[in-house]
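**Q** What follows is run.txt, made up of compact mmCIF, C-alpha atoms:
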# COMPACT_ATOMS: atom_id res chain seq x y z
CA MET D 1 0.00 0.00 0.00
CA THR D 2 1.21 3.48 -0.85
CA GLY D 3 2.27 5.86 1.89
CA LEU D 4 -0.02 8.59 3.18
CA PHE D 5 1.07 11.28 0.73
CA GLU D 6 2.49 9.10 -2.04
CA LYS D 7 0.51 9.57 -5.22
CA ILE D 8 -1.32 6.69 -6.89
CA ALA D 9 0.12 6.12 -10.33
CA LEU D 10 -2.49 6.38 -13.09
CA PRO D 11 -0.17 6.88 -16.07
CA GLY D 12 -2.84 6.59 -18.75
CA VAL D 13 -5.11 9.26 -17.22
CA LYS D 14 -4.53 12.79 -18.49
CA HIS D 15 -6.88 14.83 -16.30
CA ILE D 16 -8.60 13.98 -13.01
CA ILE D 17 -11.41 16.39 -12.11
CA ALA D 18 -13.14 16.37 -8.71
CA VAL D 19 -16.77 17.49 -8.63
CA ALA D 20 -17.31 18.54 -5.03
CA SER D 21 -19.73 20.22 -2.65
CA GLY D 22 -19.80 20.75 1.07
CA LYS D 23 -23.25 19.20 1.54
CA GLY D 24 -25.58 16.72 -0.09
CA GLY D 25 -28.71 17.62 -1.99
CA VAL D 26 -27.22 20.24 -4.31
CA GLY D 27 -27.14 17.97 -7.38
CA LYS D 28 -23.41 17.28 -7.31
CA SER D 29 -23.76 13.70 -8.57
CA THR D 30 -26.09 14.82 -11.36
CA VAL D 31 -23.52 17.42 -12.40
CA ALA D 32 -20.70 14.84 -12.32
CA ALA D 33 -22.72 12.31 -14.34
CA ASN D 34 -23.83 14.76 -17.00
CA LEU D 35 -20.35 16.26 -17.26
CA ALA D 36 -18.98 12.79 -18.00
CA VAL D 37 -21.67 12.26 -20.65
CA ALA D 38 -21.02 15.67 -22.21
CA LEU D 39 -17.28 14.97 -22.43
CA SER D 40 -17.86 11.52 -23.91
CA ARG D 41 -20.19 12.94 -26.56
CA LYS D 42 -17.43 15.31 -27.58
CA GLY D 43 -15.22 12.33 -28.34
CA HIS D 44 -13.15 12.23 -25.15
CA ARG D 45 -12.22 8.98 -23.38
CA VAL D 46 -13.91 9.31 -19.99
CA ALA D 47 -14.20 7.48 -16.68
CA LEU D 48 -16.61 8.35 -13.88
CA VAL D 49 -15.71 7.27 -10.35
CA ASP D 50 -18.34 7.29 -7.64
CA ALA D 51 -16.14 8.28 -4.70
CA ASP D 52 -19.11 8.58 -2.35
CA ILE D 53 -18.47 5.37 -0.40
CA PHE D 54 -21.43 5.75 1.98
CA GLY D 55 -23.99 7.15 -0.44
CA PRO D 56 -23.21 5.97 -3.98
CA SER D 57 -25.73 7.05 -6.61
CA ILE D 58 -23.93 6.95 -9.96
CA PRO D 59 -24.93 3.34 -10.86
CA ARG D 60 -28.61 4.23 -10.54
CA MET D 61 -28.20 7.32 -12.67
CA PHE D 62 -26.83 5.18 -15.48
CA GLY D 63 -29.22 2.27 -14.98
CA VAL D 64 -26.44 -0.17 -14.07
CA GLU D 65 -27.29 -0.91 -10.42
CA ASN D 66 -27.18 -4.67 -11.04
CA ALA D 67 -23.94 -4.66 -13.01
CA ARG D 68 -20.89 -6.45 -11.66
CA PRO D 69 -17.41 -5.50 -12.93
CA ALA D 70 -15.38 -8.23 -14.58
CA VAL D 71 -12.09 -9.26 -13.00
CA GLU D 72 -8.94 -10.32 -14.82
CA LEU D 73 -5.48 -11.38 -13.73
CA SER D 74 -2.64 -8.97 -14.37
CA GLU D 75 0.83 -9.97 -13.17
CA ASP D 76 -0.77 -12.53 -10.81
CA LYS D 77 -2.97 -9.82 -9.30
CA LYS D 78 -6.74 -9.57 -9.63
CA MET D 79 -7.70 -6.33 -11.37
CA VAL D 80 -11.18 -4.91 -11.91
CA LEU D 81 -12.55 -3.82 -15.28
CA PRO D 82 -14.97 -0.87 -14.94
CA VAL D 83 -18.56 -1.17 -16.09
CA GLU D 84 -19.12 0.69 -19.37
CA LYS D 85 -22.22 2.71 -20.32
CA GLU D 86 -22.57 5.39 -22.97
CA GLY D 87 -18.86 5.02 -23.69
CA ILE D 88 -17.99 5.90 -20.09
CA LYS D 89 -16.01 3.66 -17.73
CA ILE D 90 -17.92 3.63 -14.43
CA LEU D 91 -16.78 2.38 -11.04
CA SER D 92 -18.62 2.54 -7.72
CA ILE D 93 -18.48 0.75 -4.38
CA ALA D 94 -22.16 -0.04 -5.04
CA PHE D 95 -21.05 -2.68 -7.56
CA PHE D 96 -19.45 -4.69 -4.74
CA VAL D 97 -22.08 -4.33 -2.00
CA PRO D 98 -25.52 -6.02 -1.90
CA SER D 99 -28.31 -3.62 -2.85
CA GLY D 100 -29.87 -1.89 0.13
CA LYS D 101 -27.06 -2.80 2.52
CA GLY D 102 -25.44 0.10 4.33
CA LEU D 103 -21.71 0.20 4.92
CA VAL D 104 -20.78 0.40 8.61
CA TRP D 105 -17.14 1.36 8.22
CA ARG D 106 -14.82 3.67 10.07
CA GLY D 107 -12.99 6.35 8.11
CA PRO D 108 -9.68 4.48 7.56
CA MET D 109 -11.49 1.43 6.19
CA ALA D 110 -13.53 3.55 3.77
CA SER D 111 -10.39 5.40 2.69
CA LYS D 112 -8.63 2.11 2.03
CA ALA D 113 -11.57 0.90 -0.08
CA LEU D 114 -11.42 4.10 -2.13
CA THR D 115 -7.68 3.73 -2.64
CA GLN D 116 -8.13 0.14 -3.82
CA MET D 117 -10.73 1.26 -6.36
CA PHE D 118 -8.02 3.29 -8.09
CA GLU D 119 -5.05 0.99 -7.56
CA GLU D 120 -6.75 -2.29 -8.48
CA THR D 121 -8.63 -1.22 -11.60
CA ILE D 122 -7.57 -1.37 -15.24
CA TRP D 123 -8.37 2.14 -16.47
CA GLY D 124 -6.54 2.21 -19.78
CA ASP D 125 -5.95 5.52 -21.53
CA LEU D 126 -8.32 8.31 -20.50
CA ASP D 127 -8.64 11.96 -21.35
CA TYR D 128 -10.74 12.66 -18.26
CA MET D 129 -11.52 10.89 -15.02
CA ILE D 130 -14.43 12.59 -13.25
CA LEU D 131 -14.72 12.02 -9.50
CA ASP D 132 -18.13 12.33 -7.90
CA TYR D 133 -16.73 13.53 -4.59
CA PRO D 134 -18.58 12.71 -1.36
CA PRO D 135 -19.97 15.70 0.53
CA GLY D 136 -17.97 16.97 3.48
CA THR D 137 -14.27 17.26 4.31
CA SER D 138 -13.29 14.11 6.22
CA ASP D 139 -11.06 11.06 5.67
CA ILE D 140 -12.33 9.96 2.25
CA GLN D 141 -12.18 13.43 0.76
CA LEU D 142 -8.67 14.02 2.10
CA THR D 143 -7.46 10.63 0.88
CA ALA D 144 -8.58 11.36 -2.68
CA ALA D 145 -7.10 14.86 -2.63
CA GLN D 146 -3.76 13.70 -1.23
CA LYS D 147 -3.27 10.52 -3.22
CA LEU D 148 -4.51 11.48 -6.67
CA ASN D 149 -2.90 13.92 -9.09
CA LEU D 150 -5.99 16.08 -9.37
CA HIS D 151 -6.02 18.49 -12.29
CA GLY D 152 -8.60 20.59 -10.51
CA ALA D 153 -11.92 20.75 -8.70
CA LEU D 154 -15.37 22.10 -9.52
CA ILE D 155 -17.41 23.41 -6.60
CA VAL D 156 -21.15 22.78 -6.96
CA THR D 157 -23.65 24.84 -5.00
CA THR D 158 -27.20 26.09 -5.15
CA PRO D 159 -28.01 29.79 -4.66
CA GLN D 160 -29.11 29.14 -1.06
CA GLY D 161 -27.07 30.66 1.75
CA ILE D 162 -26.71 27.36 3.63
CA SER D 163 -25.31 25.69 0.50
CA LEU D 164 -22.78 28.50 0.12
CA LEU D 165 -21.56 28.03 3.69
CA ASP D 166 -20.82 24.35 3.04
CA ALA D 167 -19.40 25.00 -0.43
CA ARG D 168 -16.85 27.34 1.16
CA LYS D 169 -15.72 24.49 3.41
CA ALA D 170 -15.22 22.20 0.41
CA ALA D 171 -13.24 24.92 -1.35
CA SER D 172 -11.09 25.53 1.72
CA MET D 173 -10.09 21.86 1.80
CA PHE D 174 -8.65 22.08 -1.71
CA ASN D 175 -6.73 25.20 -0.67
CA THR D 176 -5.27 23.55 2.44
CA GLN D 177 -1.48 23.42 2.67
CA GLY D 178 -0.27 20.01 1.56
CA ILE D 179 -3.20 19.56 -0.83
CA ARG D 180 -3.37 22.68 -3.02
CA VAL D 181 -5.71 21.53 -5.77
CA PRO D 182 -6.69 24.30 -8.20
CA ILE D 183 -10.36 25.26 -8.06
CA LEU D 184 -11.40 25.56 -11.69
CA GLY D 185 -14.67 27.29 -10.99
CA VAL D 186 -18.09 27.30 -9.39
CA VAL D 187 -21.15 25.60 -10.85
CA GLU D 188 -24.47 26.93 -9.56
CA ASN D 189 -27.17 24.27 -9.79
CA MET D 190 -30.96 24.77 -9.56
CA SER D 191 -30.43 28.44 -10.42
CA TRP D 192 -33.99 29.10 -11.58
CA PHE D 193 -37.16 27.41 -12.73
CA SER D 194 -38.98 28.12 -16.00
CA PRO D 195 -42.46 26.62 -16.47
CA ALA D 196 -42.86 24.64 -19.69
CA SER D 197 -45.89 26.78 -20.56
CA HIS D 198 -43.90 30.01 -20.07
CA PRO D 199 -40.28 29.20 -21.01
CA GLY D 200 -39.28 32.86 -21.03
CA GLU D 201 -40.10 33.32 -17.37
CA ARG D 202 -37.63 32.61 -14.60
CA TYR D 203 -38.49 31.94 -10.97
CA PHE D 204 -35.59 31.99 -8.51
CA LEU D 205 -36.89 29.43 -6.04
CA PHE D 206 -33.67 29.15 -4.02
CA GLY D 207 -32.52 32.76 -4.11
CA LYS D 208 -30.32 34.55 -6.57
CA GLY D 209 -26.66 35.48 -6.99
CA GLY D 210 -25.19 32.98 -4.54
CA GLY D 211 -22.97 31.18 -7.05
CA GLU D 212 -21.64 34.45 -8.42
CA ALA D 213 -20.86 35.70 -4.91
CA LEU D 214 -19.00 32.49 -4.06
CA ALA D 215 -16.99 32.61 -7.29
CA THR D 216 -16.02 36.21 -6.58
CA GLU D 217 -14.99 35.30 -3.05
CA LEU D 218 -12.83 32.41 -4.28
CA HIS D 219 -11.39 34.44 -7.19
CA VAL D 220 -12.53 31.82 -9.70
CA PRO D 221 -15.05 31.96 -12.56
CA LEU D 222 -18.72 31.11 -12.26
CA LEU D 223 -18.61 28.51 -15.01
CA ALA D 224 -22.33 27.87 -15.39
CA GLN D 225 -25.76 28.32 -13.91
CA ILE D 226 -27.87 25.20 -14.44
CA PRO D 227 -31.64 25.69 -14.33
CA LEU D 228 -33.96 23.47 -12.33
CA VAL D 229 -35.46 21.24 -15.01
CA ALA D 230 -37.86 18.48 -14.00
CA GLU D 231 -36.74 16.13 -16.77
CA VAL D 232 -33.15 16.16 -15.48
CA GLY D 233 -34.17 14.67 -12.14
CA GLU D 234 -36.62 12.30 -13.79
CA ALA D 235 -33.97 11.10 -16.22
CA ALA D 236 -31.52 10.38 -13.39
CA GLU D 237 -34.18 8.34 -11.57
CA GLN D 238 -34.76 6.30 -14.75
CA GLY D 239 -31.08 5.65 -15.44
CA ARG D 240 -30.83 8.22 -18.22
CA ASN D 241 -29.14 11.58 -18.66
CA ALA D 242 -30.78 14.78 -19.84
CA ILE D 243 -28.14 17.05 -21.32
CA GLY D 244 -30.23 17.15 -24.50
CA HIS D 245 -32.25 19.93 -22.84
CA PRO D 246 -31.01 23.13 -24.59
CA GLU D 247 -30.24 25.23 -21.51
CA VAL D 248 -28.70 22.31 -19.64
CA SER D 249 -26.61 21.29 -22.65
CA GLU D 250 -25.39 24.86 -23.08
CA ALA D 251 -24.41 25.02 -19.40
CA PHE D 252 -22.31 21.86 -19.62
CA GLY D 253 -20.63 23.17 -22.74
CA ARG D 254 -19.47 26.17 -20.70
CA ILE D 255 -18.26 23.91 -17.90
CA ILE D 256 -16.16 21.89 -20.36
CA GLU D 257 -14.61 25.10 -21.69
CA GLY D 258 -13.62 25.97 -18.11
CA LEU D 259 -11.75 22.74 -17.42
CA HIS D 260 -8.60 24.24 -18.91
CA PRO D 261 -8.39 27.89 -17.84
Represent the supplied structure as structure tokens.
**A**
Amino acid sequence: MTGLFEKIALPGVKHIIAVASGKGGVGKSTVAANLAVALSRKGHRVALVDADIFGPSIPRMFGVENARPAVELSEDKKMVLPVEKEGIKILSIAFFVPSGKGLVWRGPMASKALTQMFEETIWGDLDYMILDYPPGTSDIQLTAAQKLNLHGALIVTTPQGISLLDARKAASMFNTQGIRVPILGVVENMSWFSPASHPGERYFLFGKGGGEALATELHVPLLAQIPLVAEVGEAAEQGRNAIGHPEVSEAFGRIIEGLHP
């Protein structure tokens, strides 16, 4: 096993992007999933890692809850092959745990499981590896930040004040001495709601301007504001993705442009 600060070697992976938030419920996993799909549709080789050990949701979003990764021997060592969907290599702890069973693990055990997911998987050559980061700033989050060569992080928030408070904590972790991961920008999710019958109208259900204020505070760009669209949530529940929606698709195009400032 690698030492505490020794980086995990992933020589075929060009860019590792963490999609993070300080709290759950802001749509972070939806953003991570649709970002992976958007990148794949642009012809990039993409992997999506569900790093949320205690609350994995990526398999359900892609309709692969019952999938089980294949295993092959490599230099007398068992290595996992990620599940593939929509041209994306997907890996989640949910693939190895019976459905509906909660994990009762202490932090070091969960961190070790996360490390093994990277070390004992055949990733191949990738342009992007997207990490659906767990909410919070504890052992698992620190392990990923310290042991992976992260290209950068996206901070996801909603316009609500409470979301901004927690998003600041997530951002501060990436700025901590000994970690220093560049924050590429802020993504504001659920920015407004437009009724289907009146698409030109915007209702700011969760407040307004929070993402812009956070971006200004962190001295990073506000990469995109993603509207609250019912079909996005419905698609995730049904194992589909909804970046075909014009405003949502446009938002993810702007996020992709911001991955290389």
**Q** What is the atom CA of Ser163 of chain D to atom CA of Gly27 of chain D distance in Å?
**A**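 According to the coordinates, atom CA of Ser163 of chain D and atom CA of Gly27 of chain D are separated by 11.2 Å.
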**Q** For the point (-22.3, 14.5, -13.6) in the file's frame, write as a PyMOL selection string all residues with an atom no more than 12 Å away, counting all atoms listed in the file.
**A** chain D and resi 17-20+26-40+46-50+57-59+61-62+88+90+129-133+154+156+187+189+232-233+236+240-243+248+252+255-256
**Q** With only C-alpha atoms as the counted atoms, please give the residues lying no more than 10 Å from Pro11 of chain D, apart from itself and same-chain residues fewer than 3 positions off, as a list of chain:residue names.
**A**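 Everything that qualifies: D:Ile8, D:Lys14, D:Trp123, D:Gly124, D:Asp125, D:Leu126.
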**Q** Write out the residues from the selection above, keeping C-alpha atoms, as a JSON list (two decimals), keeping the file's coordinate frame.
**A**
[["chain", "number", "residue", "atom", "x", "y", "z"],
["D", 8, "ILE", "CA", -1.32, 6.69, -6.89],
["D", 14, "LYS", "CA", -4.53, 12.79, -18.49],
["D", 123, "TRP", "CA", -8.37, 2.14, -16.47],
["D", 124, "GLY", "CA", -6.54, 2.21, -19.78],
["D", 125, "ASP", "CA", -5.95, 5.52, -21.53],
["D", 126, "LEU", "CA", -8.32, 8.31, -20.50]]
**Q** Using all atoms listed in the file, which protein or nucleic acid residues come within 6 Å of Asp166 of chain D? Drop anything in the same chain fewer than 2 positions from it, and give the result as a ChimeraX atom specification.
**A** /D:22-23,163-164,168-169
**Q** Calculate how many Å separate atom CA of Ser194 of chain D from atom CA of Lys208 of chain D, rounding to one decimal.
**A**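 About the pair atom CA of Ser194 of chain D and atom CA of Lys208 of chain D: they are 14.3 Å apart.
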